[in-house]
>>> print(open('run-v2.cif').read())   # mmCIF, C-alpha atoms
data_work
#
loop_
_atom_site.group_PDB
_atom_site.id
_atom_site.type_symbol
_atom_site.label_atom_id
_atom_site.label_comp_id
_atom_site.auth_asym_id
_atom_site.auth_seq_id
_atom_site.Cartn_x
_atom_site.Cartn_y
_atom_site.Cartn_z
ATOM 1 C CA MET A 28 2.951 -31.708 23.897
ATOM 2 C CA VAL A 29 3.276 -31.669 20.126
ATOM 3 C CA ASP A 30 0.256 -33.044 18.303
ATOM 4 C CA GLN A 31 1.726 -35.984 16.396
ATOM 5 C CA THR A 32 -1.223 -35.971 13.964
ATOM 6 C CA ALA A 33 -0.314 -32.484 12.726
ATOM 7 C CA TRP A 34 0.871 -31.977 9.151
ATOM 8 C CA TRP A 35 4.196 -30.203 8.720
ATOM 9 C CA TYR A 36 6.016 -29.251 5.530
ATOM 10 C CA VAL A 37 9.700 -30.252 5.681
ATOM 11 C CA GLY A 38 12.066 -30.336 2.725
ATOM 12 C CA GLY A 39 9.336 -30.635 0.105
ATOM 13 C CA GLN A 40 7.389 -33.352 1.934
ATOM 14 C CA TRP A 41 4.229 -33.336 4.050
ATOM 15 C CA VAL A 42 5.015 -35.247 7.224
ATOM 16 C CA HIS A 43 3.820 -35.738 10.778
ATOM 17 C CA PRO A 44 6.068 -34.279 13.523
ATOM 18 C CA HIS A 45 7.614 -37.657 14.427
ATOM 19 C CA GLU A 46 8.581 -38.119 10.760
ATOM 20 C CA ALA A 47 10.270 -34.720 10.360
ATOM 21 C CA THR A 48 14.039 -34.858 9.802
ATOM 22 C CA LEU A 49 16.968 -32.623 8.842
ATOM 23 C CA SER A 50 20.336 -33.746 7.567
ATOM 24 C CA ILE A 51 22.987 -33.918 10.291
ATOM 25 C CA ASN A 52 25.294 -32.184 7.775
ATOM 26 C CA ASP A 53 23.038 -29.147 7.487
ATOM 27 C CA VAL A 54 24.790 -26.135 9.006
ATOM 28 C CA ALA A 55 21.544 -25.301 10.794
ATOM 29 C CA VAL A 56 22.220 -28.413 12.878
ATOM 30 C CA LEU A 57 26.013 -28.180 12.997
ATOM 31 C CA ARG A 58 26.426 -24.427 13.501
ATOM 32 C CA GLY A 59 23.001 -22.874 14.147
ATOM 33 C CA TYR A 60 23.137 -21.079 10.784
ATOM 34 C CA SER A 61 19.552 -20.503 9.672
ATOM 35 C CA ALA A 62 16.789 -17.907 9.643
ATOM 36 C CA PHE A 63 13.244 -18.368 10.828
ATOM 37 C CA GLU A 64 9.957 -16.622 11.492
ATOM 38 C CA ALA A 65 7.356 -17.217 14.186
ATOM 39 C CA LEU A 66 3.824 -16.050 13.555
ATOM 40 C CA ARG A 67 0.373 -17.020 14.709
ATOM 41 C CA THR A 68 -3.171 -17.409 13.470
ATOM 42 C CA TYR A 69 -6.451 -16.130 14.856
ATOM 43 C CA ASN A 70 -9.487 -18.104 13.695
ATOM 44 C CA ARG A 71 -7.320 -19.743 11.020
ATOM 45 C CA ARG A 72 -6.090 -16.400 9.642
ATOM 46 C CA PRO A 73 -2.346 -15.600 9.798
ATOM 47 C CA PHE A 74 -1.595 -12.416 11.722
ATOM 48 C CA HIS A 75 0.305 -9.882 9.571
ATOM 49 C CA LEU A 76 1.738 -12.534 7.264
ATOM 50 C CA GLU A 77 3.253 -10.060 4.813
ATOM 51 C CA GLU A 78 5.224 -8.299 7.557
ATOM 52 C CA HIS A 79 6.516 -11.606 8.889
ATOM 53 C CA LEU A 80 7.719 -12.660 5.457
ATOM 54 C CA THR A 81 9.427 -9.305 4.948
ATOM 55 C CA ARG A 82 11.276 -9.829 8.224
ATOM 56 C CA LEU A 83 12.237 -13.388 7.274
ATOM 57 C CA TYR A 84 13.906 -12.221 4.061
ATOM 58 C CA ARG A 85 15.575 -9.362 5.945
ATOM 59 C CA SER A 86 16.916 -11.730 8.620
ATOM 60 C CA ALA A 87 18.322 -14.014 5.933
ATOM 61 C CA ALA A 88 19.972 -11.077 4.162
ATOM 62 C CA LEU A 89 21.567 -9.877 7.400
ATOM 63 C CA ILE A 90 23.304 -13.239 7.883
ATOM 64 C CA GLU A 91 24.044 -13.656 4.140
ATOM 65 C CA LEU A 92 21.699 -16.593 3.692
ATOM 66 C CA GLU A 93 19.997 -16.668 0.308
ATOM 67 C CA ILE A 94 16.371 -17.820 0.269
ATOM 68 C CA PRO A 95 15.860 -19.525 -3.113
ATOM 69 C CA TRP A 96 12.053 -19.569 -2.960
ATOM 70 C CA PRO A 97 9.897 -16.623 -4.033
ATOM 71 C CA ARG A 98 7.668 -14.945 -1.495
ATOM 72 C CA ASP A 99 4.449 -16.237 -3.087
ATOM 73 C CA TYR A 100 5.689 -19.814 -2.766
ATOM 74 C CA LEU A 101 6.222 -19.396 0.974
ATOM 75 C CA LYS A 102 2.757 -17.844 1.314
ATOM 76 C CA THR A 103 1.214 -20.798 -0.518
ATOM 77 C CA ILE A 104 2.923 -23.319 1.778
ATOM 78 C CA ILE A 105 1.912 -21.411 4.925
ATOM 79 C CA HIS A 106 -1.723 -21.255 3.846
ATOM 80 C CA GLU A 107 -1.672 -24.945 2.968
ATOM 81 C CA VAL A 108 -0.248 -25.792 6.404
ATOM 82 C CA ILE A 109 -3.174 -23.934 7.952
ATOM 83 C CA GLU A 110 -5.668 -25.737 5.695
ATOM 84 C CA ARG A 111 -4.236 -29.198 6.346
ATOM 85 C CA ASN A 112 -4.611 -28.752 10.118
ATOM 86 C CA THR A 113 -7.714 -28.041 12.155
ATOM 87 C CA TYR A 114 -6.454 -25.509 14.723
ATOM 88 C CA GLU A 115 -8.455 -22.323 15.216
ATOM 89 C CA HIS A 116 -5.467 -20.608 16.855
ATOM 90 C CA ALA A 117 -1.971 -21.789 16.020
ATOM 91 C CA ALA A 118 1.704 -20.922 16.161
ATOM 92 C CA ILE A 119 3.574 -21.272 12.860
ATOM 93 C CA ARG A 120 7.342 -21.442 12.484
ATOM 94 C CA VAL A 121 8.955 -20.936 9.085
ATOM 95 C CA LEU A 122 12.539 -22.203 9.028
ATOM 96 C CA VAL A 123 15.117 -21.745 6.268
ATOM 97 C CA THR A 124 18.254 -23.756 6.996
ATOM 98 C CA GLY A 125 21.734 -22.962 5.724
ATOM 99 C CA GLY A 126 21.976 -26.201 3.750
ATOM 100 C CA GLU A 127 24.379 -29.115 3.789
ATOM 101 C CA SER A 128 28.128 -28.635 4.106
ATOM 102 C CA GLU A 129 31.139 -30.729 3.146
ATOM 103 C CA ASP A 130 33.515 -29.123 5.669
ATOM 104 C CA SER A 131 30.876 -28.702 8.436
ATOM 105 C CA ILE A 132 31.076 -24.885 8.210
ATOM 106 C CA LEU A 133 30.393 -23.410 4.762
ATOM 107 C CA PRO A 134 27.071 -24.493 3.227
ATOM 108 C CA LEU A 135 27.196 -25.857 -0.305
ATOM 109 C CA GLY A 136 23.802 -27.492 -0.660
ATOM 110 C CA LYS A 137 20.398 -25.926 -1.159
ATOM 111 C CA PRO A 138 18.668 -24.672 1.989
ATOM 112 C CA THR A 139 15.795 -26.686 3.430
ATOM 113 C CA LEU A 140 12.407 -25.083 4.023
ATOM 114 C CA ALA A 141 10.325 -26.251 6.968
ATOM 115 C CA VAL A 142 6.930 -24.913 8.032
ATOM 116 C CA LEU A 143 5.740 -26.210 11.389
ATOM 117 C CA ILE A 144 2.423 -25.641 13.136
ATOM 118 C CA THR A 145 1.318 -26.180 16.736
ATOM 119 C CA GLN A 146 -1.950 -25.422 18.448
ATOM 120 C CA LEU A 147 -2.351 -22.368 20.679
ATOM 121 C CA GLN A 148 -4.800 -22.247 23.552
ATOM 122 C CA GLU A 149 -7.330 -19.491 24.126
ATOM 123 C CA ARG A 150 -6.078 -16.247 25.679
ATOM 124 C CA ASP A 151 -5.369 -16.678 29.411
ATOM 125 C CA LEU A 152 -6.580 -13.511 31.112
ATOM 126 C CA ARG A 153 -5.491 -14.845 34.517
ATOM 127 C CA ARG A 154 -1.905 -14.768 33.301
ATOM 128 C CA PHE A 155 -2.392 -11.145 32.256
ATOM 129 C CA ALA A 156 -3.788 -10.284 35.703
ATOM 130 C CA GLN A 157 -0.714 -11.759 37.418
ATOM 131 C CA GLY A 158 1.952 -10.210 35.194
ATOM 132 C CA TYR A 159 5.509 -11.375 34.651
ATOM 133 C CA LYS A 160 8.590 -11.315 36.812
ATOM 134 C CA LEU A 161 11.766 -10.770 34.746
ATOM 135 C CA ILE A 162 15.472 -10.625 35.445
ATOM 136 C CA THR A 163 18.186 -8.709 33.613
ATOM 137 C CA THR A 164 21.235 -10.281 32.010
ATOM 138 C CA ARG A 165 24.507 -8.872 30.709
ATOM 139 C CA LEU A 166 24.907 -11.706 28.218
ATOM 140 C CA GLN A 167 25.428 -10.268 24.731
ATOM 141 C CA ARG A 168 23.874 -11.566 21.522
ATOM 142 C CA THR A 169 25.134 -11.800 17.951
ATOM 143 C CA ALA A 170 23.111 -10.015 15.254
ATOM 144 C CA PRO A 171 20.025 -9.326 17.403
ATOM 145 C CA GLU A 172 18.306 -7.620 14.456
ATOM 146 C CA ALA A 173 18.122 -10.983 12.646
ATOM 147 C CA LYS A 174 15.784 -13.775 13.727
ATOM 148 C CA THR A 175 17.982 -16.878 13.657
ATOM 149 C CA THR A 176 18.081 -20.221 15.432
ATOM 150 C CA ASN A 177 21.258 -19.241 17.293
ATOM 151 C CA TYR A 178 19.607 -19.165 20.731
ATOM 152 C CA LEU A 179 22.651 -20.061 22.837
ATOM 153 C CA VAL A 180 22.572 -16.805 24.806
ATOM 154 C CA ALA A 181 18.775 -16.818 25.092
ATOM 155 C CA ILE A 182 18.728 -20.351 26.475
ATOM 156 C CA ARG A 183 21.389 -19.493 29.041
ATOM 157 C CA ALA A 184 19.414 -16.395 30.049
ATOM 158 C CA LEU A 185 16.189 -18.388 30.366
ATOM 159 C CA LYS A 186 17.901 -20.986 32.536
ATOM 160 C CA GLU A 187 19.121 -18.226 34.845
ATOM 161 C CA ALA A 188 15.621 -16.733 34.931
ATOM 162 C CA ALA A 189 14.158 -20.091 35.946
ATOM 163 C CA ARG A 190 16.718 -20.454 38.745
ATOM 164 C CA ARG A 191 15.573 -17.063 40.063
ATOM 165 C CA ASP A 192 11.861 -17.889 39.813
ATOM 166 C CA ALA A 193 11.318 -15.527 36.879
ATOM 167 C CA VAL A 194 9.626 -16.029 33.521
ATOM 168 C CA ASP A 195 12.149 -14.388 31.210
ATOM 169 C CA ALA A 196 15.276 -12.239 31.010
ATOM 170 C CA LEU A 197 15.906 -8.750 29.630
ATOM 171 C CA PHE A 198 19.141 -8.160 27.744
ATOM 172 C CA VAL A 199 21.184 -5.171 28.918
ATOM 173 C CA ASN A 200 24.015 -3.952 26.699
ATOM 174 C CA GLU A 201 27.444 -2.606 27.671
ATOM 175 C CA GLN A 202 26.059 0.940 27.831
ATOM 176 C CA GLY A 203 23.482 -0.082 30.441
ATOM 177 C CA HIS A 204 20.555 0.072 28.016
ATOM 178 C CA VAL A 205 17.681 -2.376 28.534
ATOM 179 C CA LEU A 206 16.876 -3.863 25.117
ATOM 180 C CA GLU A 207 14.368 -6.699 24.933
ATOM 181 C CA ALA A 208 13.542 -10.109 26.390
ATOM 182 C CA THR A 209 14.646 -13.406 24.872
ATOM 183 C CA ARG A 210 11.555 -13.693 22.644
ATOM 184 C CA SER A 211 9.679 -10.425 23.073
ATOM 185 C CA ASN A 212 10.002 -6.650 22.873
ATOM 186 C CA PHE A 213 10.020 -4.433 25.965
ATOM 187 C CA PHE A 214 8.094 -1.259 26.821
ATOM 188 C CA ILE A 215 7.715 0.992 29.840
ATOM 189 C CA PHE A 216 5.344 3.821 30.680
ATOM 190 C CA ARG A 217 6.764 6.993 32.226
ATOM 191 C CA GLY A 218 3.538 8.739 33.102
ATOM 192 C CA ASP A 219 1.492 8.662 29.900
ATOM 193 C CA THR A 220 4.563 8.387 27.640
ATOM 194 C CA LEU A 221 5.230 4.956 26.169
ATOM 195 C CA VAL A 222 8.962 4.284 25.854
ATOM 196 C CA THR A 223 10.607 1.439 23.927
ATOM 197 C CA PRO A 224 14.073 0.862 22.423
ATOM 198 C CA GLY A 225 14.412 1.546 18.715
ATOM 199 C CA THR A 226 17.833 -0.006 18.002
ATOM 200 C CA GLY A 227 19.753 -3.143 18.928
ATOM 201 C CA ILE A 228 16.590 -5.233 18.936
ATOM 202 C CA LEU A 229 14.529 -7.498 16.714
ATOM 203 C CA MET A 230 11.757 -5.352 15.296
ATOM 204 C CA GLY A 231 8.743 -7.326 16.423
ATOM 205 C CA ILE A 232 5.582 -7.438 14.327
ATOM 206 C CA THR A 233 3.373 -7.237 17.420
ATOM 207 C CA ARG A 234 5.609 -4.394 18.613
ATOM 208 C CA SER A 235 4.744 -2.411 15.479
ATOM 209 C CA VAL A 236 1.032 -3.102 15.898
ATOM 210 C CA VAL A 237 1.123 -1.998 19.547
ATOM 211 C CA LEU A 238 2.978 1.203 18.638
ATOM 212 C CA GLU A 239 0.316 1.980 16.057
ATOM 213 C CA LEU A 240 -2.469 1.372 18.587
ATOM 214 C CA ALA A 241 -0.673 3.345 21.303
ATOM 215 C CA GLY A 242 -0.026 6.283 18.987
ATOM 216 C CA GLN A 243 -3.743 6.996 18.926
ATOM 217 C CA ARG A 244 -3.755 7.520 22.699
ATOM 218 C CA PHE A 245 -0.272 8.104 24.175
ATOM 219 C CA PRO A 246 2.928 10.014 23.365
ATOM 220 C CA ILE A 247 5.632 7.591 22.167
ATOM 221 C CA ALA A 248 9.402 7.777 22.640
ATOM 222 C CA GLU A 249 11.608 5.272 20.797
ATOM 223 C CA ARG A 250 14.875 5.651 22.682
ATOM 224 C CA PRO A 251 17.258 3.749 24.962
ATOM 225 C CA ILE A 252 15.869 2.697 28.363
ATOM 226 C CA LEU A 253 18.523 2.980 31.044
ATOM 227 C CA LEU A 254 18.785 0.172 33.579
ATOM 228 C CA ASP A 255 18.457 2.673 36.439
ATOM 229 C CA GLU A 256 15.329 4.060 34.778
ATOM 230 C CA LEU A 257 13.363 0.910 35.621
ATOM 231 C CA LYS A 258 12.890 2.230 39.155
ATOM 232 C CA GLN A 259 10.977 5.206 37.716
ATOM 233 C CA ALA A 260 8.767 3.152 35.402
ATOM 234 C CA ASP A 261 5.065 3.411 36.190
ATOM 235 C CA GLU A 262 4.210 0.347 34.087
ATOM 236 C CA ALA A 263 6.031 -2.170 31.919
ATOM 237 C CA PHE A 264 5.077 -4.881 29.473
ATOM 238 C CA VAL A 265 6.439 -7.161 26.759
ATOM 239 C CA THR A 266 4.958 -8.024 23.368
ATOM 240 C CA SER A 267 5.225 -10.972 20.996
ATOM 241 C CA SER A 268 3.046 -13.007 18.645
ATOM 242 C CA SER A 269 2.224 -15.641 21.263
ATOM 243 C CA LYS A 270 2.200 -13.388 24.350
ATOM 244 C CA GLU A 271 0.380 -10.488 22.654
ATOM 245 C CA ILE A 272 0.703 -7.826 25.420
ATOM 246 C CA MET A 273 1.908 -9.138 28.774
ATOM 247 C CA PRO A 274 2.390 -6.900 31.843
ATOM 248 C CA VAL A 275 5.686 -6.941 33.754
ATOM 249 C CA VAL A 276 5.334 -6.375 37.504
ATOM 250 C CA GLN A 277 8.884 -7.044 38.729
ATOM 251 C CA ILE A 278 12.395 -6.853 37.230
ATOM 252 C CA ASP A 279 15.193 -8.260 39.392
ATOM 253 C CA GLU A 280 14.383 -6.771 42.810
ATOM 254 C CA VAL A 281 12.580 -3.734 41.393
ATOM 255 C CA THR A 282 8.790 -3.641 41.699
ATOM 256 C CA ILE A 283 7.204 -1.892 38.719
ATOM 257 C CA GLY A 284 4.609 0.662 39.778
ATOM 258 C CA ASN A 285 2.417 -0.829 42.481
ATOM 259 C CA GLY A 286 3.336 -4.395 41.561
ATOM 260 C CA MET A 287 0.149 -4.931 39.545
ATOM 261 C CA PRO A 288 -0.605 -4.678 35.811
ATOM 262 C CA GLY A 289 -1.164 -1.006 35.021
ATOM 263 C CA ALA A 290 -4.247 0.745 33.667
ATOM 264 C CA ARG A 291 -2.517 1.972 30.485
ATOM 265 C CA THR A 292 -1.229 -1.524 29.691
ATOM 266 C CA TYR A 293 -4.721 -2.913 30.265
ATOM 267 C CA GLU A 294 -6.169 -0.276 27.930
ATOM 268 C CA LEU A 295 -3.727 -1.265 25.176
ATOM 269 C CA GLU A 296 -4.524 -4.944 25.688
ATOM 270 C CA GLN A 297 -8.247 -4.249 25.325
ATOM 271 C CA HIS A 298 -7.651 -2.324 22.100
ATOM 272 C CA PHE A 299 -5.508 -5.203 20.824
ATOM 273 C CA ILE A 300 -8.181 -7.796 21.684
ATOM 274 C CA LYS A 301 -10.863 -5.707 19.973
ATOM 275 C CA MET A 302 -8.711 -5.411 16.846
ATOM 276 C CA VAL A 303 -8.244 -9.183 16.741
ATOM 277 C CA GLU A 304 -11.929 -9.897 17.356
ATOM 278 C CA LEU A 305 -12.883 -7.536 14.529
ATOM 279 C CA GLY A 306 -10.334 -9.255 12.277
ATOM 280 C CA VAL A 307 -8.680 -5.941 11.397
ATOM 281 C CA PHE A 308 -5.321 -7.387 10.396
#
>>> encode(input="run-v2.cif", output="structure tokens")
Amino acid sequence: MVDQTAWWYVGGQWVHPHEATLSINDVAVLRGYSAFEALRTYNRRPFHLEEHLTRLYRSAALIELEIPWPRDYLKTIIHEVIERNTYEHAAIRVLVTGGESEDSILPLGKPTLAVLITQLQERDLRRFAQGYKLITTRLQRTAPEAKTTNYLVAIRALKEAARRDAVDALFVNEQGHVLEATRSNFFIFRGDTLVTPGTGILMGITRSVVLELAGQRFPIAERPILLDELKQADEAFVTSSSKEIMPVVQIDEVTIGNGMPGARTYELEQHFIKMVELGVF
């Protein structure tokens, strides 16, 4: 449930969630044309804020959406959102809409900036111990390298996953390459080698951090993962800001490894937790 006492920044105003509004003529509402970022805080500190802002501007550029605010302005608003709320750990969404339109397609007005915050609970190690069951989907996305609010395909994939008693879905392209989940990046271990796609995906911030941590311990291969290759995977996991590192124990009818979170994945998770606890970000 959304905390209705939270302070959000929407269109130049500080409002509570139930007071937040967007124009019905904004193409973000009418056509799903907008860019956004999702980041989190640990102990009231934003995790890799600079990298998230870089990706936000890149996403906007990829869909030809101009962000009229300078980077420092966005940083100031994000830090003020954190200060105005009391959450130790929080999820923050930064949304830049396309702006209002007269013909319901092409935006003419200035984009709207919204910065939303919601509380995150403490890390659930029981969830890590259980791991995720995923499905695969052949649904194809538009501009996967850009983080936009066009989640039509993702929502359809998540609905299918729920019908099949799974947590999430992995996108598979026309070449049979496994790409990523609806809101997270995907990795497998083949022996000690960590394999993850390097193209056709959203370049996750947590993904980059995990690759840096893994590079100190394991060989890394950024290459396509074939759908048939999942049967040979010794371990698998997904990464995102909210999930951190989450083991995958089953994909469709394929059991990954012995059906339990793997030792290498656990080792990476422990390194990640230590990094966060030390505040080295």
>>> resolve_selection(input="run-v2.cif", expression="the PyMOL selection byres ((chain A and resi 181-197) around 7)", output="PyMOL selection string")
chain A and resi 159-164+178-180+198-199+205-209
>>> atom_distance(input="run-v2.cif", atom1="atom CA of A:Val29", atom2="atom CA of A:His45")
9.3 Å
>>> resolve_selection(input="run-v2.cif", expression="the PyMOL selection byres ((chain A and resi 147) around 6)", output="list in words")
His116, Ala117, Gln146 and Gln148 of chain A
>>> write_last_selection(input="run-v2.cif", atoms="C-alpha atoms", output="PDB file, keeping the file's coordinate frame")
ATOM      1  CA  HIS A 116      -5.467 -20.608  16.855  1.00  0.00           C
ATOM      2  CA  ALA A 117      -1.971 -21.789  16.020  1.00  0.00           C
ATOM      3  CA  GLN A 146      -1.950 -25.422  18.448  1.00  0.00           C
ATOM      4  CA  GLN A 148      -4.800 -22.247  23.552  1.00  0.00           C
TER       5      GLN A 148
END
>>> atom_distance(input="run-v2.cif", atom1="atom CA of A:Asp255", atom2="atom CA of A:Val276")
16.0 Å
>>> residues_around(input="run-v2.cif", residues="A:Ala88", least_positions_apart="2", cutoff="12 Å", atoms="all atoms listed in the file", output="PDB file with C-alpha atoms, in the frame of the given file")
ATOM      1  CA  SER A  61      19.552 -20.503   9.672  1.00  0.00           C
ATOM      2  CA  ALA A  62      16.789 -17.907   9.643  1.00  0.00           C
ATOM      3  CA  PHE A  63      13.244 -18.368  10.828  1.00  0.00           C
ATOM      4  CA  THR A  81       9.427  -9.305   4.948  1.00  0.00           C
ATOM      5  CA  ARG A  82      11.276  -9.829   8.224  1.00  0.00           C
ATOM      6  CA  LEU A  83      12.237 -13.388   7.274  1.00  0.00           C
ATOM      7  CA  TYR A  84      13.906 -12.221   4.061  1.00  0.00           C
ATOM      8  CA  ARG A  85      15.575  -9.362   5.945  1.00  0.00           C
ATOM      9  CA  SER A  86      16.916 -11.730   8.620  1.00  0.00           C
ATOM     10  CA  ILE A  90      23.304 -13.239   7.883  1.00  0.00           C
ATOM     11  CA  GLU A  91      24.044 -13.656   4.140  1.00  0.00           C
ATOM     12  CA  LEU A  92      21.699 -16.593   3.692  1.00  0.00           C
ATOM     13  CA  GLU A  93      19.997 -16.668   0.308  1.00  0.00           C
ATOM     14  CA  ILE A  94      16.371 -17.820   0.269  1.00  0.00           C
ATOM     15  CA  PRO A  95      15.860 -19.525  -3.113  1.00  0.00           C
ATOM     16  CA  VAL A 123      15.117 -21.745   6.268  1.00  0.00           C
ATOM     17  CA  ALA A 170      23.111 -10.015  15.254  1.00  0.00           C
ATOM     18  CA  GLU A 172      18.306  -7.620  14.456  1.00  0.00           C
ATOM     19  CA  ALA A 173      18.122 -10.983  12.646  1.00  0.00           C
ATOM     20  CA  LYS A 174      15.784 -13.775  13.727  1.00  0.00           C
ATOM     21  CA  THR A 175      17.982 -16.878  13.657  1.00  0.00           C
TER      22      THR A 175
END
>>> atom_distance(input="run-v2.cif", atom1="atom CA of A:Gly126", atom2="atom CA of A:Glu110")
27.7 Å
>>> decode(input="run-v2.cif", residues="stretch 34-48 of chain A", atoms="N, CA and C atoms", output="short mmCIF file (atom, residue, chain, number, x, y, z; two decimals), in the first residue's frame")
data_model
loop_
_atom_site.label_atom_id
_atom_site.label_comp_id
_atom_site.auth_asym_id
_atom_site.auth_seq_id
_atom_site.Cartn_x
_atom_site.Cartn_y
_atom_site.Cartn_z
N TRP A 34 5.65 12.53 0.72
CA TRP A 34 5.75 13.74 -0.10
C TRP A 34 6.34 13.38 -1.45
N TRP A 35 5.60 13.71 -2.50
CA TRP A 35 6.06 13.51 -3.87
C TRP A 35 6.20 14.87 -4.55
N TYR A 36 7.07 14.92 -5.54
CA TYR A 36 7.24 16.13 -6.35
C TYR A 36 6.61 15.87 -7.71
N VAL A 37 5.56 16.61 -8.06
CA VAL A 37 4.85 16.40 -9.32
C VAL A 37 4.55 17.75 -9.96
N GLY A 38 5.14 17.98 -11.12
CA GLY A 38 4.86 19.20 -11.87
C GLY A 38 5.15 20.48 -11.12
N GLY A 39 6.23 20.49 -10.35
CA GLY A 39 6.62 21.71 -9.64
C GLY A 39 5.98 21.88 -8.28
N GLN A 40 5.16 20.92 -7.85
CA GLN A 40 4.47 21.02 -6.57
C GLN A 40 4.82 19.83 -5.67
N TRP A 41 4.85 20.08 -4.36
CA TRP A 41 5.02 19.01 -3.38
C TRP A 41 3.64 18.57 -2.93
N VAL A 42 3.33 17.30 -3.19
CA VAL A 42 1.98 16.80 -2.93
C VAL A 42 2.06 15.42 -2.27
N HIS A 43 0.96 15.04 -1.63
CA HIS A 43 0.81 13.68 -1.14
C HIS A 43 0.32 12.80 -2.30
N PRO A 44 0.54 11.49 -2.23
CA PRO A 44 0.18 10.61 -3.36
C PRO A 44 -1.26 10.78 -3.85
N HIS A 45 -2.22 10.94 -2.94
CA HIS A 45 -3.62 11.06 -3.37
C HIS A 45 -3.91 12.41 -4.04
N GLU A 46 -2.96 13.34 -3.96
CA GLU A 46 -3.12 14.64 -4.60
C GLU A 46 -2.40 14.73 -5.94
N ALA A 47 -1.62 13.71 -6.28
CA ALA A 47 -0.79 13.76 -7.49
C ALA A 47 -1.65 13.57 -8.73
N THR A 48 -1.46 14.44 -9.72
CA THR A 48 -2.23 14.37 -10.96
C THR A 48 -1.35 14.66 -12.17
#
